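Chemist: One structure follows; several queries about it will come next.
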Amino acid sequence: MKKSPFSAEDMWKGASPRIFANAQKLREDATEAEEFLWLALRENQLEGYKFRRQHPLGIYIADFYCHKLKLVIEIDGGYHKAKEQIIFDEERTTAIEFQGLRLIRFTNEELLLNLDEVLKKIKVFVNMEL
């Protein structure tokens, strides 16, 4: 039997049961911006690609993840402007990219004020990276 190029281990990067439980809680407590983007991404609405929300990736949880594209989308609230959070986000981005994934970030404000522009940027990013 031929092994799938998209194994479960690869999809979750070895996430622990605790990370899966945390991801479930985050899905239940989604922010307004996350809900807004999810309505535009779910059910393969963006270029036919399947996105998952609050997806476990090793020790992290991606706001949105498309396994086929190896693409992580992060939505940053106001606290991401704090110096400590900026450092943490840079380390997190490096760790995620080290796993062969690509990451794109948007702020809550970008998403809530101009969803069409955010979706356009995601599509450009997807098409130029393929």
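Residue numbers start at 1 in each chain; chains themselves are named A, B, ... in the order of the structure tokens; ligands are numbered from 1 in the order shown.
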Hey, which bits of segment 40-118 of chain A sit within 8 Å of segment 9-17 of chain A, and for each residue what's the closest pair of atoms and how far apart in Å (one decimal), counting only C-alpha atoms, rows by chain and increasing number, as JSON lines?
Modeler:
{"residue": "A:His55", "atom": "CA", "partner": "A:Trp12", "partner_atom": "CA", "distance": 7.6}
{"residue": "A:Pro56", "atom": "CA", "partner": "A:Trp12", "partner_atom": "CA", "distance": 5.6}
{"residue": "A:Leu57", "atom": "CA", "partner": "A:Trp12", "partner_atom": "CA", "distance": 4.7}
{"residue": "A:Gly58", "atom": "CA", "partner": "A:Ala15", "partner_atom": "CA", "distance": 4.1}
{"residue": "A:Ile59", "atom": "CA", "partner": "A:Ala15", "partner_atom": "CA", "distance": 6.0}
{"residue": "A:Tyr60", "atom": "CA", "partner": "A:Ala15", "partner_atom": "CA", "distance": 7.9}
{"residue": "A:His67", "atom": "CA", "partner": "A:Met11", "partner_atom": "CA", "distance": 6.4}
Chemist: Hey, can you spit out that residue selection with all heavy atoms as a CSV table (one decimal), in the first residue's frame?
Modeler:
chain,number,residue,atom,x,y,z
A,55,HIS,N,-5.7,24.9,14.6
A,55,HIS,CA,-5.1,23.6,14.2
A,55,HIS,C,-3.8,23.4,14.9
A,55,HIS,O,-2.9,24.2,14.9
A,55,HIS,CB,-4.8,23.6,12.7
A,55,HIS,CG,-4.3,22.3,12.2
A,55,HIS,ND1,-5.1,21.2,12.0
A,55,HIS,CD2,-3.0,21.9,11.9
A,55,HIS,CE1,-4.4,20.2,11.6
A,55,HIS,NE2,-3.1,20.6,11.5
A,56,PRO,N,-3.7,22.2,15.7
A,56,PRO,CA,-2.5,21.9,16.4
A,56,PRO,C,-1.3,21.6,15.5
A,56,PRO,O,-1.4,20.9,14.5
A,56,PRO,CB,-2.8,20.6,17.2
A,56,PRO,CG,-4.3,20.6,17.2
A,56,PRO,CD,-4.8,21.3,16.0
A,57,LEU,N,-0.2,22.3,15.8
A,57,LEU,CA,1.1,22.1,15.0
A,57,LEU,C,2.2,21.9,16.1
A,57,LEU,O,2.8,23.0,16.5
A,57,LEU,CB,1.4,23.2,14.1
A,57,LEU,CG,0.5,23.4,12.9
A,57,LEU,CD1,0.7,24.7,12.2
A,57,LEU,CD2,0.6,22.3,11.9
A,58,GLY,N,2.5,20.7,16.5
A,58,GLY,CA,3.6,20.6,17.5
A,58,GLY,C,3.1,21.2,18.8
A,58,GLY,O,2.1,20.9,19.4
A,59,ILE,N,3.9,22.2,19.3
A,59,ILE,CA,3.6,22.8,20.6
A,59,ILE,C,2.8,24.1,20.3
A,59,ILE,O,2.4,24.8,21.3
A,59,ILE,CB,4.9,23.2,21.4
A,59,ILE,CG1,5.7,24.2,20.6
A,59,ILE,CG2,5.6,21.9,21.7
A,59,ILE,CD1,6.9,24.8,21.4
A,60,TYR,N,2.4,24.4,19.1
A,60,TYR,CA,1.7,25.6,18.7
A,60,TYR,C,0.3,25.2,18.2
A,60,TYR,O,0.0,24.1,17.9
A,60,TYR,CB,2.4,26.4,17.7
A,60,TYR,CG,3.8,26.8,18.1
A,60,TYR,CD1,4.9,26.2,17.5
A,60,TYR,CD2,4.0,27.8,19.1
A,60,TYR,CE1,6.2,26.6,17.9
A,60,TYR,CE2,5.3,28.1,19.5
A,60,TYR,CZ,6.4,27.6,18.9
A,60,TYR,OH,7.6,27.9,19.3
A,67,HIS,N,-3.2,22.4,5.0
A,67,HIS,CA,-2.2,21.4,4.9
A,67,HIS,C,-1.7,21.2,3.5
A,67,HIS,O,-0.5,21.1,3.3
A,67,HIS,CB,-2.7,20.1,5.5
A,67,HIS,CG,-1.7,19.0,5.6
A,67,HIS,ND1,-0.6,19.1,6.4
A,67,HIS,CD2,-1.5,17.8,4.9
A,67,HIS,CE1,0.2,18.0,6.3
A,67,HIS,NE2,-0.4,17.2,5.4
Chemist: Each residue of segment 85-108 of chain A lying at most 12 Å from segment 35-49 of chain A should get a row with its shortest atom-to-atom pair and the distance in Å to one decimal, counting only C-alpha atoms; could you produce that, ordered by chain and increasing number, as a Markdown table?
Modeler:
| residue | atom | partner | partner_atom | distance |
| --- | --- | --- | --- | --- |
| A:Phe106 | CA | A:Leu37 | CA | 10.6 |
| A:Thr107 | CA | A:Leu37 | CA | 11.4 |
| A:Asn108 | CA | A:Phe36 | CA | 9.8 |
Chemist: In segment 15-118 of chain A, what's strand (DSSP E or B) per DSSP? Answer as a PDB file with all heavy atoms, in the first residue's frame?
Modeler:
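New file selection_13.pdb:
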ATOM      1  N   LEU A  46     -11.875  29.456  -0.389  1.00  0.00           N
ATOM      2  CA  LEU A  46     -10.735  30.201  -0.922  1.00  0.00           C
ATOM      3  C   LEU A  46      -9.978  29.323  -1.910  1.00  0.00           C
ATOM      4  O   LEU A  46      -9.268  28.393  -1.505  1.00  0.00           O
ATOM      5  CB  LEU A  46      -9.801  30.663   0.195  1.00  0.00           C
ATOM      6  CG  LEU A  46      -8.704  31.577  -0.331  1.00  0.00           C
ATOM      7  CD1 LEU A  46      -9.016  33.024   0.024  1.00  0.00           C
ATOM      8  CD2 LEU A  46      -7.361  31.187   0.202  1.00  0.00           C
ATOM      9  N   TYR A  49      -9.303  25.461  -1.520  1.00  0.00           N
ATOM     10  CA  TYR A  49      -8.435  24.835  -0.519  1.00  0.00           C
ATOM     11  C   TYR A  49      -9.148  24.673   0.817  1.00  0.00           C
ATOM     12  O   TYR A  49      -9.904  25.540   1.236  1.00  0.00           O
ATOM     13  CB  TYR A  49      -7.164  25.664  -0.313  1.00  0.00           C
ATOM     14  CG  TYR A  49      -6.246  25.592  -1.498  1.00  0.00           C
ATOM     15  CD1 TYR A  49      -6.147  26.657  -2.383  1.00  0.00           C
ATOM     16  CD2 TYR A  49      -5.490  24.452  -1.742  1.00  0.00           C
ATOM     17  CE1 TYR A  49      -5.310  26.591  -3.489  1.00  0.00           C
ATOM     18  CE2 TYR A  49      -4.658  24.377  -2.843  1.00  0.00           C
ATOM     19  CZ  TYR A  49      -4.577  25.444  -3.705  1.00  0.00           C
ATOM     20  OH  TYR A  49      -3.752  25.371  -4.797  1.00  0.00           O
ATOM     21  N   ARG A  52      -8.287  24.678   8.099  1.00  0.00           N
ATOM     22  CA  ARG A  52      -8.710  24.240   9.429  1.00  0.00           C
ATOM     23  C   ARG A  52      -8.476  25.401  10.379  1.00  0.00           C
ATOM     24  O   ARG A  52      -7.519  26.141  10.205  1.00  0.00           O
ATOM     25  CB  ARG A  52      -7.882  23.037   9.877  1.00  0.00           C
ATOM     26  CG  ARG A  52      -8.015  21.848   8.963  1.00  0.00           C
ATOM     27  CD  ARG A  52      -6.927  20.815   9.248  1.00  0.00           C
ATOM     28  NE  ARG A  52      -6.998  19.726   8.305  1.00  0.00           N
ATOM     29  CZ  ARG A  52      -7.786  18.666   8.448  1.00  0.00           C
ATOM     30  NH1 ARG A  52      -8.550  18.550   9.518  1.00  0.00           N
ATOM     31  NH2 ARG A  52      -7.802  17.713   7.530  1.00  0.00           N
ATOM     32  N   ARG A  53      -9.328  25.545  11.371  1.00  0.00           N
ATOM     33  CA  ARG A  53      -9.125  26.626  12.344  1.00  0.00           C
ATOM     34  C   ARG A  53      -8.633  26.051  13.661  1.00  0.00           C
ATOM     35  O   ARG A  53      -8.962  24.924  14.020  1.00  0.00           O
ATOM     36  CB  ARG A  53     -10.381  27.458  12.531  1.00  0.00           C
ATOM     37  CG  ARG A  53     -11.545  26.712  13.084  1.00  0.00           C
ATOM     38  CD  ARG A  53     -12.788  27.596  13.054  1.00  0.00           C
ATOM     39  NE  ARG A  53     -13.913  26.822  13.521  1.00  0.00           N
ATOM     40  CZ  ARG A  53     -14.710  27.199  14.497  1.00  0.00           C
ATOM     41  NH1 ARG A  53     -14.551  28.363  15.062  1.00  0.00           N
ATOM     42  NH2 ARG A  53     -15.695  26.425  14.876  1.00  0.00           N
ATOM     43  N   GLN A  54      -7.805  26.839  14.331  1.00  0.00           N
ATOM     44  CA  GLN A  54      -7.193  26.428  15.600  1.00  0.00           C
ATOM     45  C   GLN A  54      -6.620  25.017  15.450  1.00  0.00           C
ATOM     46  O   GLN A  54      -7.024  24.078  16.128  1.00  0.00           O
ATOM     47  CB  GLN A  54      -8.195  26.533  16.749  1.00  0.00           C
ATOM     48  CG  GLN A  54      -8.764  27.915  16.939  1.00  0.00           C
ATOM     49  CD  GLN A  54      -7.706  28.992  17.141  1.00  0.00           C
ATOM     50  OE1 GLN A  54      -6.608  28.717  17.603  1.00  0.00           O
ATOM     51  NE2 GLN A  54      -8.039  30.215  16.784  1.00  0.00           N
ATOM     52  N   HIS A  55      -5.680  24.901  14.556  1.00  0.00           N
ATOM     53  CA  HIS A  55      -5.105  23.610  14.194  1.00  0.00           C
ATOM     54  C   HIS A  55      -3.799  23.360  14.944  1.00  0.00           C
ATOM     55  O   HIS A  55      -2.867  24.167  14.860  1.00  0.00           O
ATOM     56  CB  HIS A  55      -4.846  23.578  12.684  1.00  0.00           C
ATOM     57  CG  HIS A  55      -4.307  22.275  12.206  1.00  0.00           C
ATOM     58  ND1 HIS A  55      -5.103  21.171  12.014  1.00  0.00           N
ATOM     59  CD2 HIS A  55      -3.043  21.887  11.917  1.00  0.00           C
ATOM     60  CE1 HIS A  55      -4.351  20.168  11.597  1.00  0.00           C
ATOM     61  NE2 HIS A  55      -3.096  20.571  11.542  1.00  0.00           N
ATOM     62  N   PRO A  56      -3.700  22.244  15.703  1.00  0.00           N
ATOM     63  CA  PRO A  56      -2.473  21.902  16.415  1.00  0.00           C
ATOM     64  C   PRO A  56      -1.303  21.638  15.471  1.00  0.00           C
ATOM     65  O   PRO A  56      -1.444  20.912  14.483  1.00  0.00           O
ATOM     66  CB  PRO A  56      -2.835  20.616  17.164  1.00  0.00           C
ATOM     67  CG  PRO A  56      -4.324  20.629  17.247  1.00  0.00           C
ATOM     68  CD  PRO A  56      -4.778  21.291  15.975  1.00  0.00           C
ATOM     69  N   LEU A  57      -0.159  22.259  15.782  1.00  0.00           N
ATOM     70  CA  LEU A  57       1.091  22.053  15.037  1.00  0.00           C
ATOM     71  C   LEU A  57       2.214  21.948  16.064  1.00  0.00           C
ATOM     72  O   LEU A  57       2.757  22.955  16.496  1.00  0.00           O
ATOM     73  CB  LEU A  57       1.373  23.226  14.096  1.00  0.00           C
ATOM     74  CG  LEU A  57       0.455  23.402  12.900  1.00  0.00           C
ATOM     75  CD1 LEU A  57       0.711  24.734  12.219  1.00  0.00           C
ATOM     76  CD2 LEU A  57       0.622  22.254  11.921  1.00  0.00           C
ATOM     77  N   TYR A  60       2.446  24.383  19.078  1.00  0.00           N
ATOM     78  CA  TYR A  60       1.684  25.590  18.738  1.00  0.00           C
ATOM     79  C   TYR A  60       0.293  25.240  18.227  1.00  0.00           C
ATOM     80  O   TYR A  60       0.021  24.095  17.855  1.00  0.00           O
ATOM     81  CB  TYR A  60       2.425  26.394  17.657  1.00  0.00           C
ATOM     82  CG  TYR A  60       3.806  26.806  18.071  1.00  0.00           C
ATOM     83  CD1 TYR A  60       4.927  26.229  17.485  1.00  0.00           C
ATOM     84  CD2 TYR A  60       3.992  27.767  19.058  1.00  0.00           C
ATOM     85  CE1 TYR A  60       6.207  26.606  17.876  1.00  0.00           C
ATOM     86  CE2 TYR A  60       5.269  28.140  19.451  1.00  0.00           C
ATOM     87  CZ  TYR A  60       6.366  27.555  18.862  1.00  0.00           C
ATOM     88  OH  TYR A  60       7.620  27.929  19.253  1.00  0.00           O
ATOM     89  N   ILE A  61      -0.552  26.262  18.187  1.00  0.00           N
ATOM     90  CA  ILE A  61      -1.873  26.132  17.589  1.00  0.00           C
ATOM     91  C   ILE A  61      -2.003  27.263  16.582  1.00  0.00           C
ATOM     92  O   ILE A  61      -1.936  28.440  16.944  1.00  0.00           O
ATOM     93  CB  ILE A  61      -2.989  26.211  18.648  1.00  0.00           C
ATOM     94  CG1 ILE A  61      -2.830  25.088  19.672  1.00  0.00           C
ATOM     95  CG2 ILE A  61      -4.364  26.150  17.970  1.00  0.00           C
ATOM     96  CD1 ILE A  61      -3.732  25.212  20.881  1.00  0.00           C
ATOM     97  N   ALA A  62      -2.158  26.893  15.316  1.00  0.00           N
ATOM     98  CA  ALA A  62      -2.294  27.885  14.248  1.00  0.00           C
ATOM     99  C   ALA A  62      -3.742  28.369  14.206  1.00  0.00           C
ATOM    100  O   ALA A  62      -4.671  27.572  14.308  1.00  0.00           O
ATOM    101  CB  ALA A  62      -1.925  27.265  12.908  1.00  0.00           C
ATOM    102  N   ASP A  63      -3.926  29.680  14.030  1.00  0.00           N
ATOM    103  CA  ASP A  63      -5.286  30.195  13.906  1.00  0.00           C
ATOM    104  C   ASP A  63      -5.985  29.515  12.736  1.00  0.00           C
ATOM    105  O   ASP A  63      -7.107  29.040  12.860  1.00  0.00           O
ATOM    106  CB  ASP A  63      -5.289  31.712  13.716  1.00  0.00           C
ATOM    107  CG  ASP A  63      -4.878  32.470  14.966  1.00  0.00           C
ATOM    108  OD1 ASP A  63      -5.009  31.921  16.084  1.00  0.00           O
ATOM    109  OD2 ASP A  63      -4.427  33.620  14.833  1.00  0.00           O
ATOM    110  N   PHE A  64      -5.308  29.461  11.577  1.00  0.00           N
ATOM    111  CA  PHE A  64      -5.836  28.790  10.387  1.00  0.00           C
ATOM    112  C   PHE A  64      -4.687  28.063   9.708  1.00  0.00           C
ATOM    113  O   PHE A  64      -3.564  28.556   9.668  1.00  0.00           O
ATOM    114  CB  PHE A  64      -6.466  29.804   9.421  1.00  0.00           C
ATOM    115  CG  PHE A  64      -7.616  30.545  10.030  1.00  0.00           C
ATOM    116  CD1 PHE A  64      -7.410  31.770  10.642  1.00  0.00           C
ATOM    117  CD2 PHE A  64      -8.892  30.002  10.037  1.00  0.00           C
ATOM    118  CE1 PHE A  64      -8.460  32.443  11.246  1.00  0.00           C
ATOM    119  CE2 PHE A  64      -9.942  30.674  10.644  1.00  0.00           C
ATOM    120  CZ  PHE A  64      -9.727  31.901  11.239  1.00  0.00           C
ATOM    121  N   TYR A  65      -4.999  26.888   9.146  1.00  0.00           N
ATOM    122  CA  TYR A  65      -3.964  26.087   8.517  1.00  0.00           C
ATOM    123  C   TYR A  65      -4.531  25.364   7.306  1.00  0.00           C
ATOM    124  O   TYR A  65      -5.605  24.757   7.372  1.00  0.00           O
ATOM    125  CB  TYR A  65      -3.424  25.061   9.512  1.00  0.00           C
ATOM    126  CG  TYR A  65      -2.376  24.121   8.947  1.00  0.00           C
ATOM    127  CD1 TYR A  65      -1.172  24.603   8.466  1.00  0.00           C
ATOM    128  CD2 TYR A  65      -2.595  22.751   8.906  1.00  0.00           C
ATOM    129  CE1 TYR A  65      -0.207  23.746   7.945  1.00  0.00           C
ATOM    130  CE2 TYR A  65      -1.635  21.886   8.403  1.00  0.00           C
ATOM    131  CZ  TYR A  65      -0.445  22.386   7.923  1.00  0.00           C
ATOM    132  OH  TYR A  65       0.511  21.545   7.417  1.00  0.00           O
ATOM    133  N   CYS A  66      -3.812  25.430   6.192  1.00  0.00           N
ATOM    134  CA  CYS A  66      -4.122  24.650   5.004  1.00  0.00           C
ATOM    135  C   CYS A  66      -2.972  23.678   4.802  1.00  0.00           C
ATOM    136  O   CYS A  66      -1.858  24.089   4.475  1.00  0.00           O
ATOM    137  CB  CYS A  66      -4.294  25.551   3.778  1.00  0.00           C
ATOM    138  SG  CYS A  66      -4.600  24.595   2.267  1.00  0.00           S
ATOM    139  N   LEU A  71       0.356  26.197   4.659  1.00  0.00           N
ATOM    140  CA  LEU A  71       0.173  27.617   4.936  1.00  0.00           C
ATOM    141  C   LEU A  71      -0.527  27.838   6.266  1.00  0.00           C
ATOM    142  O   LEU A  71      -1.595  27.283   6.515  1.00  0.00           O
ATOM    143  CB  LEU A  71      -0.644  28.269   3.814  1.00  0.00           C
ATOM    144  CG  LEU A  71      -0.996  29.736   3.988  1.00  0.00           C
ATOM    145  CD1 LEU A  71       0.261  30.603   4.047  1.00  0.00           C
ATOM    146  CD2 LEU A  71      -1.920  30.193   2.866  1.00  0.00           C
ATOM    147  N   VAL A  72       0.081  28.661   7.102  1.00  0.00           N
ATOM    148  CA  VAL A  72      -0.485  29.077   8.384  1.00  0.00           C
ATOM    149  C   VAL A  72      -0.894  30.542   8.250  1.00  0.00           C
ATOM    150  O   VAL A  72      -0.122  31.358   7.756  1.00  0.00           O
ATOM    151  CB  VAL A  72       0.555  28.926   9.524  1.00  0.00           C
ATOM    152  CG1 VAL A  72       0.034  29.514  10.831  1.00  0.00           C
ATOM    153  CG2 VAL A  72       0.952  27.466   9.694  1.00  0.00           C
ATOM    154  N   ILE A  73      -2.114  30.853   8.707  1.00  0.00           N
ATOM    155  CA  ILE A  73      -2.579  32.238   8.753  1.00  0.00           C
ATOM    156  C   ILE A  73      -2.813  32.574  10.215  1.00  0.00           C
ATOM    157  O   ILE A  73      -3.542  31.870  10.912  1.00  0.00           O
ATOM    158  CB  ILE A  73      -3.875  32.441   7.949  1.00  0.00           C
ATOM    159  CG1 ILE A  73      -3.659  32.067   6.487  1.00  0.00           C
ATOM    160  CG2 ILE A  73      -4.357  33.892   8.083  1.00  0.00           C
ATOM    161  CD1 ILE A  73      -4.937  32.063   5.649  1.00  0.00           C
ATOM    162  N   GLU A  74      -2.186  33.653  10.668  1.00  0.00           N
ATOM    163  CA  GLU A  74      -2.331  34.101  12.048  1.00  0.00           C
ATOM    164  C   GLU A  74      -3.053  35.441  12.080  1.00  0.00           C
ATOM    165  O   GLU A  74      -2.786  36.314  11.250  1.00  0.00           O
ATOM    166  CB  GLU A  74      -0.960  34.245  12.708  1.00  0.00           C
ATOM    167  CG  GLU A  74      -0.260  32.924  12.962  1.00  0.00           C
ATOM    168  CD  GLU A  74      -0.944  32.105  14.042  1.00  0.00           C
ATOM    169  OE1 GLU A  74      -1.027  32.568  15.191  1.00  0.00           O
ATOM    170  OE2 GLU A  74      -1.421  31.000  13.728  1.00  0.00           O
ATOM    171  N   ILE A  75      -3.955  35.600  13.032  1.00  0.00           N
ATOM    172  CA  ILE A  75      -4.683  36.846  13.245  1.00  0.00           C
ATOM    173  C   ILE A  75      -4.215  37.407  14.584  1.00  0.00           C
ATOM    174  O   ILE A  75      -4.393  36.778  15.626  1.00  0.00           O
ATOM    175  CB  ILE A  75      -6.209  36.615  13.278  1.00  0.00           C
ATOM    176  CG1 ILE A  75      -6.678  35.826  12.048  1.00  0.00           C
ATOM    177  CG2 ILE A  75      -6.949  37.940  13.421  1.00  0.00           C
ATOM    178  CD1 ILE A  75      -6.330  36.454  10.733  1.00  0.00           C
ATOM    179  N   ASP A  76      -3.616  38.592  14.541  1.00  0.00           N
ATOM    180  CA  ASP A  76      -3.007  39.178  15.729  1.00  0.00           C
ATOM    181  C   ASP A  76      -3.874  40.280  16.324  1.00  0.00           C
ATOM    182  O   ASP A  76      -4.193  41.260  15.655  1.00  0.00           O
ATOM    183  CB  ASP A  76      -1.636  39.762  15.389  1.00  0.00           C
ATOM    184  CG  ASP A  76      -0.639  38.697  14.973  1.00  0.00           C
ATOM    185  OD1 ASP A  76      -0.859  37.508  15.279  1.00  0.00           O
ATOM    186  OD2 ASP A  76       0.377  39.056  14.348  1.00  0.00           O
ATOM    187  N   ARG A 102       4.680  27.814   5.664  1.00  0.00           N
ATOM    188  CA  ARG A 102       4.720  29.255   5.395  1.00  0.00           C
ATOM    189  C   ARG A 102       3.703  29.929   6.304  1.00  0.00           C
ATOM    190  O   ARG A 102       2.683  29.337   6.641  1.00  0.00           O
ATOM    191  CB  ARG A 102       4.379  29.520   3.928  1.00  0.00           C
ATOM    192  CG  ARG A 102       5.406  28.887   3.011  1.00  0.00           C
ATOM    193  CD  ARG A 102       5.023  28.984   1.554  1.00  0.00           C
ATOM    194  NE  ARG A 102       3.843  28.169   1.305  1.00  0.00           N
ATOM    195  CZ  ARG A 102       2.830  28.526   0.512  1.00  0.00           C
ATOM    196  NH1 ARG A 102       2.852  29.668  -0.119  1.00  0.00           N
ATOM    197  NH2 ARG A 102       1.808  27.731   0.316  1.00  0.00           N
ATOM    198  N   LEU A 103       3.973  31.170   6.684  1.00  0.00           N
ATOM    199  CA  LEU A 103       3.105  31.879   7.617  1.00  0.00           C
ATOM    200  C   LEU A 103       2.839  33.295   7.126  1.00  0.00           C
ATOM    201  O   LEU A 103       3.757  33.967   6.663  1.00  0.00           O
ATOM    202  CB  LEU A 103       3.775  31.921   8.994  1.00  0.00           C
ATOM    203  CG  LEU A 103       2.917  32.430  10.143  1.00  0.00           C
ATOM    204  CD1 LEU A 103       3.187  31.636  11.394  1.00  0.00           C
ATOM    205  CD2 LEU A 103       3.148  33.889  10.398  1.00  0.00           C
ATOM    206  N   ILE A 104       1.585  33.697   7.211  1.00  0.00           N
ATOM    207  CA  ILE A 104       1.190  35.061   6.883  1.00  0.00           C
ATOM    208  C   ILE A 104       0.355  35.581   8.055  1.00  0.00           C
ATOM    209  O   ILE A 104      -0.424  34.836   8.641  1.00  0.00           O
ATOM    210  CB  ILE A 104       0.428  35.120   5.534  1.00  0.00           C
ATOM    211  CG1 ILE A 104       0.152  36.556   5.129  1.00  0.00           C
ATOM    212  CG2 ILE A 104      -0.826  34.283   5.559  1.00  0.00           C
ATOM    213  CD1 ILE A 104      -0.383  36.705   3.711  1.00  0.00           C
ATOM    214  N   ARG A 105       0.575  36.854   8.404  1.00  0.00           N
ATOM    215  CA  ARG A 105      -0.113  37.469   9.551  1.00  0.00           C
ATOM    216  C   ARG A 105      -0.967  38.650   9.120  1.00  0.00           C
ATOM    217  O   ARG A 105      -0.591  39.396   8.226  1.00  0.00           O
ATOM    218  CB  ARG A 105       0.905  37.977  10.574  1.00  0.00           C
ATOM    219  CG  ARG A 105       1.653  36.920  11.296  1.00  0.00           C
ATOM    220  CD  ARG A 105       2.611  37.536  12.337  1.00  0.00           C
ATOM    221  NE  ARG A 105       3.232  36.485  13.094  1.00  0.00           N
ATOM    222  CZ  ARG A 105       2.685  35.891  14.151  1.00  0.00           C
ATOM    223  NH1 ARG A 105       1.535  36.284  14.593  1.00  0.00           N
ATOM    224  NH2 ARG A 105       3.320  34.913  14.775  1.00  0.00           N
ATOM    225  N   PHE A 106      -2.072  38.803   9.834  1.00  0.00           N
ATOM    226  CA  PHE A 106      -2.938  39.962   9.684  1.00  0.00           C
ATOM    227  C   PHE A 106      -3.347  40.428  11.068  1.00  0.00           C
ATOM    228  O   PHE A 106      -3.377  39.641  12.013  1.00  0.00           O
ATOM    229  CB  PHE A 106      -4.205  39.604   8.886  1.00  0.00           C
ATOM    230  CG  PHE A 106      -3.918  39.147   7.494  1.00  0.00           C
ATOM    231  CD1 PHE A 106      -3.882  37.795   7.187  1.00  0.00           C
ATOM    232  CD2 PHE A 106      -3.675  40.065   6.488  1.00  0.00           C
ATOM    233  CE1 PHE A 106      -3.606  37.359   5.905  1.00  0.00           C
ATOM    234  CE2 PHE A 106      -3.395  39.639   5.197  1.00  0.00           C
ATOM    235  CZ  PHE A 106      -3.359  38.289   4.910  1.00  0.00           C
ATOM    236  N   THR A 107      -3.680  41.693  11.193  1.00  0.00           N
ATOM    237  CA  THR A 107      -4.192  42.200  12.458  1.00  0.00           C
ATOM    238  C   THR A 107      -5.709  42.059  12.481  1.00  0.00           C
ATOM    239  O   THR A 107      -6.360  41.947  11.429  1.00  0.00           O
ATOM    240  CB  THR A 107      -3.839  43.688  12.664  1.00  0.00           C
ATOM    241  OG1 THR A 107      -4.518  44.461  11.672  1.00  0.00           O
ATOM    242  CG2 THR A 107      -2.325  43.915  12.600  1.00  0.00           C
TER     243      THR A 107
END
Chemist: If I take atom CA of Gly77 of chain A and atom CA of Ile122 of chain A, how far is one from the other in Å, to one decimal?
Modeler: 18.3 Å
